[in-house]
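Each remark here refers to the structure printed beneath this line.
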2 protein chains.
Amino acid sequence: MTDGAAGTGKRATPNSRDQALYRKVAADLGREIGEGRYGSGGRLPAEGELAERYGVSRGTVRQAMALLRTEGLVASRRGTRRVVIGMPRPQSFGELLSFTRWARSMGEEPGGLMIATETRTADATECVQLRLPEGTEVHRVRRLRTLSGRPAMVERTVFPPAVGELVAELPPDTVSYTVALEERGVLFADAQHTIDLCPADAEDARLLGCRPGDPLLRERRCSTDPAGTPIEWSDDRYLPDTVAFTVHSSAASGSLARRPAGDT
Amino acid sequence: MTDGAAGTGKRATPNSRDQALYRKVAADLGREIGEGRYGSGGRLPAEGELAERYGVSRGTVRQAMALLRTEGLVASRRGTRRVVIGMPRPQSFGELLSFTRWARSMGEEPGGLMIATETRTADATECVQLRLPEGTEVHRVRRLRTLSGRPAMVERTVFPPAVGELVAELPPDTVSYTVALEERGVLFADAQHTIDLCPADAEDARLLGCRPGDPLLRERRCSTDPAGTPIEWSDDRYLPDTVAFTVHSSAASGSLARRPAGDT
DNA sequence: AAGTGGTCTAGACCACAGC
DNA sequence: CTGTGGTCTAGACCACTTG
């Protein structure tokens with residue numbers, strides 16, 4: 001291996017730029033899959049062949065494959081080569097948490113009409129979700145989100161104190177809190193979502209232009225930073241025909257579950 | 001390492017029973033997390049410590065951790081120990097694909113009222129989803145699913161020929177097709193889900209006892225076997241207040257995405 | 001029997017968190 | 001500086017699929 005890093009010869013390269021090697025391999029293969037290089041249901045090259053092609057060890061190729069697997073692009077089992085079972089989706093996580101980024105990726109103009117903002121003591125649910133001691137002050141925001149002017153979703157978000165302070169200082173014309181927070185060093189790493197259907201309350205109906213009681217698609221979400229600290233707890237209610245959620249799940253890991261309606 | 005496997009000393013043990021070592025470690029840690037041993041937001045032991053405790057290498061501990069991570073139980077970053085961010089959920093995959101198993105796990109009595117079964121040529125959508133050539137004959141089943149007698153969901157499933165043959169031979173009183181198929185060697189390994197809201201059509205309304213046009217929570221799903229071959233394509237429509245779906249997603253992998261309503 | 005992915009080991013160095 | 005997880009390597013053996 002042509003190793004410029006004078007030394008043991010063990011280290012491949014210090015990763016000239018930001019990404020890990022296995023991520024580059026995964027991205028490359030993901031791109032090829034998206035281009036139909038192997039076809040839907042087609043077989044990927046063997047681990048050994050890929051290791052040689054990219055000049056990396058088998059372990060690194062396997063790390064890349066694990067990524068492609070959790071993204072739902074390939075299936076694998078002992079004895080045969082991996083198989084293509086899905087097509088890559090553009091950078092889902094950023095667009096998943098940010099309504100603004102998602103809207104823009106679709107060529108729509110996102111909007112955020114502030115309805116109310118307040119600082120109050122957290123209720124029982126919020127304390128559990130945000131892992132805060134009882135009686136903590138939290139920052140609440142309610143907004144009507146629009147797509148190219150049309151009402152699309154009512155957003156009710158609660159921030160813990162540390163994040164709430166940042167939110168309170170945001171310029172009044174801020175469209176994306178998520179992007180603004182990331183620019184201020186708050187990183188989103190994990191999120192837990194609950195998706196169900198709920199009837200519009202009086203406020204939902206007034207904002208969205210539907211009747212009270214009309215069903216909405218609800219996504220409740222708790223996001224955490226890389227340290228595992230909760231940074232937001234949100235209740236988003238979408239008008240029908242606005243969005244759909246897609247999930248990949250597998251027997252090996254399984255990030256999706258079905259629960260009885262009602263709790264939390 | 002006290003290694004009874006007289007030999008190279010490399011292999012730890014041939015895995016006395018079915019499971020891989022890293023799965024045992026993950027299961028064990030998952031159980032401890034569920035018991036609150038480390039607390040919500042608490043820190044896990046270091047990789048090295050766990051490797052010693054279980055008598056395995058660091059690589060094996062890391063495989064276990066990767067599992068716990070995709071299951072949404074822990075978050076991790078360089079420099080500090082892993083942190084608990086979620087509680088374990090019981091065997092989600094089996095209960096996710098099987099309405100029957102899910103119902104029973106909640107102490108409800110699942111039912112399946114057969115509405116219609118037919119063999120016809122697949123339409124365009126079905127051909128794409130099941131990766132079948134145009135004009136292939138598929139097996140279709142429509143059923144009303146009930147929870148302890150109450151209507152809960154209308155299920156419309158399409159099976160490719162190989163699976164359809166098995167389905168056609170199932171006893172008329174079969175409640176769970178999923179379980180029956182698994183008993184006949186059809187294994188479910190991966191699934192791709194799309195969750196959204198859709199209005200009840202005339203049949204939905206009649207079966208579920210609601211009005212046509214009333215919104216239902218819809219889950220469309222394509223499941224594949226370990227070889228990556230599609231084995232079912234289903235459109236399930238739930239009455240409101242019946243179910244909620246929960247998903248974990250992370251910046252590192254991301255199995256959840258939001259899409260505009262409409263397609264596929 | 002050959003090919004291929006699954007599991008496990010052992011060791012190295014790096015990058016980051018926190019004292 | 002020390003501890004910790006992230007990345008990478010090299011090699012071994014096993015279990016399964018396929019021809």
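Each chain of the structure tokens is named A, B, ... in the order shown, its residues numbered from 1; ligands are numbered from 1 in display order.
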**Request:** Extract, using only C-alpha atoms (C1' of nucleotides), all DNA, RNA and protein residues at most 7 Å from Arg78 of chain A, discarding same-chain residues fewer than 3 positions from it, and format them as an MDAnalysis selection string.
**Result:** (chainID C and resid 4:6) or (chainID D and resid 16)
Keeping only N, CA, C and O atoms (P, O5', C5', C4', C3', O3' and C1' of nucleotides), take the residues you just selected and write them out as a CSV table (one decimal), in the first residue's frame.
chain,number,residue,atom,x,y,z
C,4,DT,P,-16.7,-15.3,-4.7
C,4,DT,O5',-17.5,-15.2,-3.4
C,4,DT,C5',-18.9,-15.5,-3.3
C,4,DT,C4',-19.3,-15.3,-1.9
C,4,DT,C3',-18.7,-14.1,-1.2
C,4,DT,O3',-19.8,-13.2,-0.8
C,4,DT,C1',-18.6,-16.0,0.2
C,5,DG,P,-19.3,-11.8,-0.2
C,5,DG,O5',-20.0,-11.9,1.2
C,5,DG,C5',-21.4,-12.2,1.3
C,5,DG,C4',-21.7,-12.8,2.7
C,5,DG,C3',-21.6,-11.8,3.8
C,5,DG,O3',-22.6,-12.1,4.7
C,5,DG,C1',-20.3,-13.7,4.2
C,6,DG,P,-22.7,-11.3,6.1
C,6,DG,O5',-22.2,-12.4,7.2
C,6,DG,C5',-23.1,-13.5,7.5
C,6,DG,C4',-22.6,-14.1,8.9
C,6,DG,C3',-22.4,-13.0,10.0
C,6,DG,O3',-22.8,-13.6,11.2
C,6,DG,C1',-20.4,-14.2,9.6
D,16,DC,P,-25.4,-23.0,9.3
D,16,DC,O5',-25.7,-22.5,7.8
D,16,DC,C5',-25.7,-21.1,7.5
D,16,DC,C4',-25.4,-20.9,6.1
D,16,DC,C3',-26.2,-21.7,5.1
D,16,DC,O3',-27.0,-20.9,4.3
D,16,DC,C1',-23.9,-21.6,4.5
**Request:** Mind listing the alpha helix (DSSP H) residues of segment 9-71 of chain B, per DSSP on the backbone, as a PyMOL selection string?
**Result:** chain B and resi 21-34+47-54+58-70
Just to be explicit: take each residue in the selection above, keep C-alpha atoms, and write the result as a CSV table (one decimal), in the first residue's frame.
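Below is the file that was written, result_38.csv:
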chain,number,residue,atom,x,y,z
B,21,LEU,CA,-21.4,-14.0,21.1
B,22,TYR,CA,-21.9,-10.4,20.4
B,23,ARG,CA,-25.6,-10.9,20.4
B,24,LYS,CA,-25.5,-12.4,23.8
B,25,VAL,CA,-23.4,-9.5,25.1
B,26,ALA,CA,-25.9,-7.0,23.4
B,27,ALA,CA,-28.9,-8.9,24.9
B,28,ASP,CA,-27.3,-8.9,28.3
B,29,LEU,CA,-26.6,-5.2,28.2
B,30,GLY,CA,-30.0,-4.5,26.8
B,31,ARG,CA,-31.6,-6.3,29.7
B,32,GLU,CA,-29.4,-4.4,32.2
B,33,ILE,CA,-30.4,-1.1,30.5
B,34,GLY,CA,-34.1,-2.1,30.7
B,47,GLU,CA,-15.4,-1.1,26.0
B,48,GLY,CA,-12.3,-2.5,27.6
B,49,GLU,CA,-14.0,-3.2,30.8
B,50,LEU,CA,-16.9,-5.0,29.1
B,51,ALA,CA,-14.4,-7.0,27.0
B,52,GLU,CA,-12.8,-8.2,30.2
B,53,ARG,CA,-16.1,-8.9,32.0
B,54,TYR,CA,-17.4,-11.1,29.1
B,58,ARG,CA,-12.9,-5.4,22.0
B,59,GLY,CA,-14.1,-6.0,18.5
B,60,THR,CA,-16.9,-8.2,19.8
B,61,VAL,CA,-17.9,-5.7,22.3
B,62,ARG,CA,-18.1,-3.1,19.6
B,63,GLN,CA,-20.3,-5.3,17.5
B,64,ALA,CA,-22.7,-5.6,20.4
B,65,MET,CA,-22.6,-1.9,20.9
B,66,ALA,CA,-23.4,-1.3,17.2
B,67,LEU,CA,-26.5,-3.4,17.7
B,68,LEU,CA,-27.6,-1.5,20.8
B,69,ARG,CA,-27.0,1.7,18.8
B,70,THR,CA,-29.2,0.8,15.9
**Message:** Give me, as JSON, numbers by chain, the residues of chain C touching chain A, with the criterion being at most 12 Å (counting only C-alpha atoms (C1' of nucleotides)).
**Reply:** {"C": [2, 3, 4, 5, 6, 7, 11, 12, 13, 14, 15, 17]}
**Request:** Please identify every residue of chain A that has at least one atom no more than 6 Å from any atom of chain B, counting only C-alpha atoms, and report them as a PyMOL selection string.
**Result:** chain A and resi 71+75+85+92-93+96+189-196+228+241-251+254-261
Contact check, chain D to chain B, at most 8 Å, counting only C-alpha atoms (C1' of nucleotides), closest pairs as a tab-separated table:
residue	atom	partner	partner_atom	distance
D:DG3	C1'	B:Gly79	CA	7.5
D:DT4	C1'	B:Gly79	CA	4.7
D:DG5	C1'	B:Arg78	CA	4.4
D:DG6	C1'	B:Arg78	CA	6.5
D:DA12	C1'	B:Lys10	CA	7.5
D:DC13	C1'	B:Arg11	CA	7.6
When DSSP works through the backbone of this structure, what residues of segment 22-193 of chain A end up as strand (DSSP E), shown as a short mmCIF file (atom, residue, chain, number, x, y, z; two decimals) with all heavy atoms, in the first residue's frame?
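And here's selection.cif as it stands now:
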data_model
loop_
_atom_site.label_atom_id
_atom_site.label_comp_id
_atom_site.auth_asym_id
_atom_site.auth_seq_id
_atom_site.Cartn_x
_atom_site.Cartn_y
_atom_site.Cartn_z
N VAL A 74 -28.93 -2.83 0.88
CA VAL A 74 -28.56 -4.20 0.55
C VAL A 74 -29.01 -5.19 1.62
O VAL A 74 -29.23 -4.82 2.77
CB VAL A 74 -27.02 -4.34 0.39
CG1 VAL A 74 -26.49 -3.35 -0.63
CG2 VAL A 74 -26.33 -4.15 1.72
N ALA A 75 -29.16 -6.43 1.20
CA ALA A 75 -29.43 -7.53 2.12
C ALA A 75 -28.24 -8.47 2.04
O ALA A 75 -27.58 -8.55 1.01
CB ALA A 75 -30.71 -8.25 1.73
N VAL A 83 -27.02 -8.45 -1.96
CA VAL A 83 -28.02 -8.19 -2.99
C VAL A 83 -28.65 -6.80 -2.79
O VAL A 83 -28.86 -6.37 -1.66
CB VAL A 83 -29.10 -9.29 -2.90
CG1 VAL A 83 -30.40 -8.82 -3.51
CG2 VAL A 83 -28.62 -10.57 -3.55
N VAL A 84 -28.90 -6.12 -3.86
CA VAL A 84 -29.53 -4.79 -3.81
C VAL A 84 -31.02 -4.92 -3.51
O VAL A 84 -31.73 -5.62 -4.22
CB VAL A 84 -29.35 -4.05 -5.16
CG1 VAL A 84 -30.10 -2.72 -5.13
CG2 VAL A 84 -27.89 -3.84 -5.47
N PRO A 110 -40.39 27.12 2.16
CA PRO A 110 -40.87 26.88 3.52
C PRO A 110 -41.15 28.19 4.25
O PRO A 110 -40.45 29.18 4.05
CB PRO A 110 -39.70 26.14 4.18
CG PRO A 110 -38.50 26.67 3.46
CD PRO A 110 -38.94 26.96 2.05
N GLY A 111 -42.17 28.19 5.09
CA GLY A 111 -42.45 29.36 5.89
C GLY A 111 -42.73 28.97 7.33
O GLY A 111 -43.07 27.83 7.63
N GLY A 112 -42.56 29.93 8.25
CA GLY A 112 -42.83 29.66 9.66
C GLY A 112 -43.52 30.86 10.28
O GLY A 112 -42.89 31.89 10.49
N LEU A 113 -44.81 30.74 10.57
CA LEU A 113 -45.55 31.83 11.19
C LEU A 113 -45.61 31.62 12.69
O LEU A 113 -46.25 30.67 13.16
CB LEU A 113 -46.96 31.91 10.60
CG LEU A 113 -47.89 32.94 11.23
CD1 LEU A 113 -47.33 34.35 11.01
CD2 LEU A 113 -49.29 32.83 10.65
N MET A 114 -44.93 32.47 13.43
CA MET A 114 -44.90 32.33 14.88
C MET A 114 -46.28 32.59 15.49
O MET A 114 -46.88 33.63 15.24
CB MET A 114 -43.89 33.34 15.43
CG MET A 114 -43.94 33.49 16.93
SD MET A 114 -43.35 32.00 17.73
CE MET A 114 -41.61 32.19 17.36
N ILE A 115 -46.76 31.67 16.27
CA ILE A 115 -48.05 31.84 16.92
C ILE A 115 -47.86 32.28 18.36
O ILE A 115 -48.53 33.19 18.84
CB ILE A 115 -48.84 30.52 16.92
CG1 ILE A 115 -48.99 29.99 15.51
CG2 ILE A 115 -50.21 30.71 17.59
CD1 ILE A 115 -49.65 30.95 14.56
N ALA A 116 -46.94 31.61 19.04
CA ALA A 116 -46.71 31.96 20.44
C ALA A 116 -45.37 31.42 20.89
O ALA A 116 -44.88 30.42 20.38
CB ALA A 116 -47.82 31.40 21.32
N THR A 117 -44.78 32.12 21.84
CA THR A 117 -43.54 31.63 22.44
C THR A 117 -43.61 31.96 23.92
O THR A 117 -44.08 33.03 24.32
CB THR A 117 -42.32 32.29 21.78
OG1 THR A 117 -41.16 31.92 22.52
CG2 THR A 117 -42.44 33.81 21.75
N GLU A 118 -43.18 31.04 24.74
CA GLU A 118 -43.30 31.27 26.18
C GLU A 118 -42.27 30.46 26.95
O GLU A 118 -41.72 29.49 26.45
CB GLU A 118 -44.71 30.87 26.65
CG GLU A 118 -45.04 29.44 26.30
CD GLU A 118 -46.42 29.01 26.79
OE1 GLU A 118 -47.06 29.76 27.52
OE2 GLU A 118 -46.81 27.89 26.45
N THR A 119 -42.03 30.89 28.18
CA THR A 119 -41.17 30.13 29.07
C THR A 119 -42.00 29.75 30.28
O THR A 119 -42.54 30.62 30.96
CB THR A 119 -39.95 30.97 29.51
OG1 THR A 119 -39.21 31.33 28.35
CG2 THR A 119 -39.07 30.19 30.44
N ARG A 120 -42.12 28.44 30.49
CA ARG A 120 -42.96 27.97 31.60
C ARG A 120 -42.36 26.72 32.22
O ARG A 120 -41.48 26.09 31.65
CB ARG A 120 -44.36 27.64 31.09
CG ARG A 120 -45.27 28.84 30.94
CD ARG A 120 -46.71 28.45 31.25
NE ARG A 120 -47.09 27.25 30.54
CZ ARG A 120 -48.22 27.13 29.83
NH1 ARG A 120 -49.02 28.17 29.70
NH2 ARG A 120 -48.53 26.00 29.24
N THR A 121 -42.87 26.32 33.35
CA THR A 121 -42.37 25.09 33.96
C THR A 121 -42.88 23.90 33.17
O THR A 121 -44.02 23.88 32.70
CB THR A 121 -42.84 24.96 35.43
OG1 THR A 121 -44.27 24.83 35.44
CG2 THR A 121 -42.45 26.16 36.24
N GLU A 137 -37.80 25.11 34.13
CA GLU A 137 -38.37 26.04 33.17
C GLU A 137 -37.98 25.61 31.76
O GLU A 137 -36.80 25.34 31.50
CB GLU A 137 -37.83 27.46 33.42
CG GLU A 137 -38.19 28.03 34.76
CD GLU A 137 -39.45 28.89 34.68
OE1 GLU A 137 -39.47 29.82 33.86
OE2 GLU A 137 -40.39 28.60 35.43
N VAL A 138 -38.94 25.54 30.87
CA VAL A 138 -38.63 25.20 29.49
C VAL A 138 -39.14 26.29 28.56
O VAL A 138 -39.99 27.10 28.93
CB VAL A 138 -39.27 23.86 29.08
CG1 VAL A 138 -38.62 22.71 29.84
CG2 VAL A 138 -40.77 23.88 29.31
N HIS A 139 -38.62 26.26 27.32
CA HIS A 139 -39.00 27.25 26.34
C HIS A 139 -39.92 26.59 25.32
O HIS A 139 -39.57 25.59 24.72
CB HIS A 139 -37.75 27.79 25.64
CG HIS A 139 -37.98 29.03 24.83
ND1 HIS A 139 -38.12 30.27 25.40
CD2 HIS A 139 -38.13 29.21 23.51
CE1 HIS A 139 -38.32 31.17 24.47
NE2 HIS A 139 -38.33 30.55 23.29
N ARG A 140 -41.12 27.14 25.15
CA ARG A 140 -42.08 26.54 24.22
C ARG A 140 -42.30 27.45 23.02
O ARG A 140 -42.38 28.68 23.17
CB ARG A 140 -43.44 26.33 24.90
CG ARG A 140 -43.51 25.19 25.87
CD ARG A 140 -44.98 24.78 26.03
NE ARG A 140 -45.16 23.87 27.15
CZ ARG A 140 -45.36 24.24 28.41
NH1 ARG A 140 -45.38 25.52 28.71
NH2 ARG A 140 -45.51 23.34 29.34
N VAL A 141 -42.44 26.83 21.87
CA VAL A 141 -42.70 27.58 20.64
C VAL A 141 -43.81 26.89 19.86
O VAL A 141 -43.82 25.68 19.71
CB VAL A 141 -41.44 27.65 19.74
CG1 VAL A 141 -41.76 28.29 18.41
CG2 VAL A 141 -40.33 28.41 20.45
N ARG A 142 -44.76 27.69 19.38
CA ARG A 142 -45.79 27.15 18.49
C ARG A 142 -45.71 27.89 17.18
O ARG A 142 -45.68 29.13 17.16
CB ARG A 142 -47.18 27.33 19.10
CG ARG A 142 -47.56 26.22 20.08
CD ARG A 142 -48.91 26.49 20.67
NE ARG A 142 -48.89 27.69 21.51
CZ ARG A 142 -49.98 28.31 21.97
NH1 ARG A 142 -51.17 27.85 21.65
NH2 ARG A 142 -49.86 29.38 22.72
N ARG A 143 -45.70 27.16 16.07
CA ARG A 143 -45.62 27.81 14.77
C ARG A 143 -46.49 27.09 13.74
O ARG A 143 -46.70 25.90 13.82
CB ARG A 143 -44.18 27.82 14.25
CG ARG A 143 -43.28 28.74 15.03
CD ARG A 143 -42.00 29.02 14.26
NE ARG A 143 -41.18 27.84 14.08
CZ ARG A 143 -40.14 27.80 13.24
NH1 ARG A 143 -39.83 28.86 12.50
NH2 ARG A 143 -39.41 26.71 13.13
N LEU A 144 -46.96 27.89 12.78
CA LEU A 144 -47.65 27.31 11.63
C LEU A 144 -46.62 27.23 10.51
O LEU A 144 -46.02 28.23 10.14
CB LEU A 144 -48.82 28.18 11.18
CG LEU A 144 -49.45 27.78 9.84
CD1 LEU A 144 -50.09 26.41 9.95
CD2 LEU A 144 -50.46 28.83 9.38
N ARG A 145 -46.38 26.02 10.01
CA ARG A 145 -45.41 25.86 8.93
C ARG A 145 -46.16 25.80 7.60
O ARG A 145 -47.18 25.13 7.50
CB ARG A 145 -44.60 24.57 9.11
CG ARG A 145 -43.97 24.43 10.49
CD ARG A 145 -43.10 25.62 10.86
NE ARG A 145 -42.06 25.89 9.91
CZ ARG A 145 -40.80 25.51 10.05
NH1 ARG A 145 -40.43 24.82 11.10
NH2 ARG A 145 -39.90 25.83 9.14
N THR A 146 -45.59 26.49 6.61
CA THR A 146 -46.26 26.54 5.31
C THR A 146 -45.32 26.06 4.20
O THR A 146 -44.10 26.14 4.30
CB THR A 146 -46.71 27.97 4.97
OG1 THR A 146 -45.57 28.84 5.07
CG2 THR A 146 -47.77 28.44 5.94
N LEU A 147 -45.93 25.56 3.14
CA LEU A 147 -45.20 25.15 1.94
C LEU A 147 -45.67 26.06 0.81
O LEU A 147 -46.82 25.97 0.38
CB LEU A 147 -45.50 23.70 1.59
CG LEU A 147 -44.86 22.61 2.45
CD1 LEU A 147 -45.36 21.24 2.02
CD2 LEU A 147 -43.35 22.69 2.38
N ARG A 150 -49.03 27.68 1.43
CA ARG A 150 -50.14 26.86 1.90
C ARG A 150 -49.85 26.32 3.30
O ARG A 150 -48.76 25.82 3.57
CB ARG A 150 -50.35 25.67 0.95
CG ARG A 150 -50.87 26.03 -0.42
CD ARG A 150 -50.87 24.79 -1.33
NE ARG A 150 -49.50 24.39 -1.68
CZ ARG A 150 -48.91 23.27 -1.27
NH1 ARG A 150 -49.56 22.42 -0.50
NH2 ARG A 150 -47.68 23.00 -1.63
N PRO A 151 -50.83 26.37 4.20
CA PRO A 151 -50.64 25.78 5.53
C PRO A 151 -50.36 24.28 5.39
O PRO A 151 -51.02 23.60 4.59
CB PRO A 151 -51.99 26.00 6.22
CG PRO A 151 -52.62 27.12 5.47
CD PRO A 151 -52.15 27.00 4.05
N ALA A 152 -49.38 23.79 6.14
CA ALA A 152 -49.03 22.37 6.00
C ALA A 152 -48.98 21.66 7.34
O ALA A 152 -49.38 20.51 7.47
CB ALA A 152 -47.69 22.22 5.30
N MET A 153 -48.52 22.37 8.38
CA MET A 153 -48.26 21.68 9.63
C MET A 153 -48.24 22.64 10.81
O MET A 153 -47.82 23.79 10.65
CB MET A 153 -46.89 21.00 9.49
CG MET A 153 -46.46 20.14 10.65
SD MET A 153 -45.25 20.98 11.69
CE MET A 153 -43.73 20.72 10.76
N VAL A 154 -48.74 22.19 11.94
CA VAL A 154 -48.63 22.96 13.17
C VAL A 154 -47.56 22.31 14.04
O VAL A 154 -47.60 21.11 14.29
CB VAL A 154 -49.96 23.00 13.95
CG1 VAL A 154 -49.76 23.69 15.29
CG2 VAL A 154 -51.02 23.72 13.13
N GLU A 155 -46.61 23.12 14.48
CA GLU A 155 -45.43 22.64 15.18
C GLU A 155 -45.43 23.17 16.62
O GLU A 155 -45.54 24.38 16.83
CB GLU A 155 -44.22 23.16 14.41
CG GLU A 155 -42.86 22.93 14.97
CD GLU A 155 -41.82 23.68 14.12
OE1 GLU A 155 -41.32 23.09 13.16
OE2 GLU A 155 -41.55 24.85 14.42
N ARG A 156 -45.37 22.28 17.57
CA ARG A 156 -45.27 22.69 18.97
C ARG A 156 -44.01 22.08 19.56
O ARG A 156 -43.95 20.87 19.77
CB ARG A 156 -46.49 22.21 19.75
CG ARG A 156 -47.81 22.84 19.30
CD ARG A 156 -48.97 22.36 20.16
NE ARG A 156 -50.23 22.97 19.75
CZ ARG A 156 -50.99 22.53 18.75
NH1 ARG A 156 -50.60 21.46 18.06
NH2 ARG A 156 -52.12 23.14 18.43
N THR A 157 -43.02 22.92 19.81
CA THR A 157 -41.73 22.40 20.24
C THR A 157 -41.36 22.91 21.62
O THR A 157 -41.63 24.07 21.96
CB THR A 157 -40.63 22.81 19.23
OG1 THR A 157 -41.06 22.51 17.91
CG2 THR A 157 -39.34 22.09 19.52
N VAL A 158 -40.75 22.04 22.41
CA VAL A 158 -40.30 22.41 23.75
C VAL A 158 -38.79 22.21 23.82
O VAL A 158 -38.29 21.16 23.42
CB VAL A 158 -40.97 21.53 24.82
CG1 VAL A 158 -40.56 21.96 26.21
CG2 VAL A 158 -42.48 21.57 24.66
N PHE A 159 -38.08 23.25 24.31
CA PHE A 159 -36.63 23.16 24.43
C PHE A 159 -36.21 23.19 25.90
O PHE A 159 -36.78 23.97 26.68
CB PHE A 159 -35.97 24.33 23.71
CG PHE A 159 -36.27 24.40 22.24
CD1 PHE A 159 -37.27 25.22 21.76
CD2 PHE A 159 -35.55 23.63 21.33
CE1 PHE A 159 -37.55 25.30 20.40
CE2 PHE A 159 -35.83 23.70 19.97
CZ PHE A 159 -36.83 24.53 19.50
N ASP A 190 -29.40 11.93 17.37
CA ASP A 190 -30.38 10.85 17.40
C ASP A 190 -31.78 11.43 17.59
O ASP A 190 -31.93 12.51 18.15
CB ASP A 190 -30.11 9.87 18.54
CG ASP A 190 -28.84 9.07 18.32
OD1 ASP A 190 -27.78 9.55 18.73
OD2 ASP A 190 -28.93 7.98 17.73
N ALA A 191 -32.79 10.68 17.16
CA ALA A 191 -34.16 11.11 17.40
C ALA A 191 -35.08 9.90 17.53
O ALA A 191 -34.86 8.87 16.89
CB ALA A 191 -34.65 12.01 16.26
N GLN A 192 -36.05 10.04 18.39
CA GLN A 192 -37.05 8.98 18.60
C GLN A 192 -38.40 9.55 18.15
O GLN A 192 -38.82 10.59 18.63
CB GLN A 192 -37.08 8.58 20.08
CG GLN A 192 -38.13 7.58 20.44
CD GLN A 192 -37.83 6.22 19.83
OE1 GLN A 192 -36.68 5.79 19.81
NE2 GLN A 192 -38.86 5.55 19.34
N HIS A 193 -39.04 8.86 17.22
CA HIS A 193 -40.27 9.37 16.63
C HIS A 193 -41.46 8.48 16.96
O HIS A 193 -41.34 7.27 17.02
CB HIS A 193 -40.16 9.45 15.11
CG HIS A 193 -38.88 10.04 14.61
ND1 HIS A 193 -38.80 11.31 14.10
CD2 HIS A 193 -37.62 9.55 14.57
CE1 HIS A 193 -37.55 11.56 13.75
NE2 HIS A 193 -36.81 10.51 14.02
#
**Request:** Rank nothing, just name the residue among A:Leu44, A:Val56, A:Cys127, A:Val163 nearest to DA10 of chain D, using only C-alpha atoms (C1' of nucleotides).
**Result:** A:Val56
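Comparing A:Pro172, A:Gly36, A:Ala200, A:Ser57 by their smallest distance to DG11 of chain D, the closest is A:Ser57 (using only C-alpha atoms (C1' of nucleotides)).
Between atom CA of Tyr177 of chain A and atom CA of Ser98 of chain A there is a distance of 8.1 Å.
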**Asked** In Å, how far is it from atom CA of Ala20 of chain B to atom CA of Gly55 of chain B?
**Response**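 Interatomic distance, atom CA of Ala20 of chain B to atom CA of Gly55 of chain B: 14.0 Å.
Our summary of the geometry notes that atom CA of Ser105 of chain A is positioned 27.6 Å from atom CA of Asp235 of chain B.
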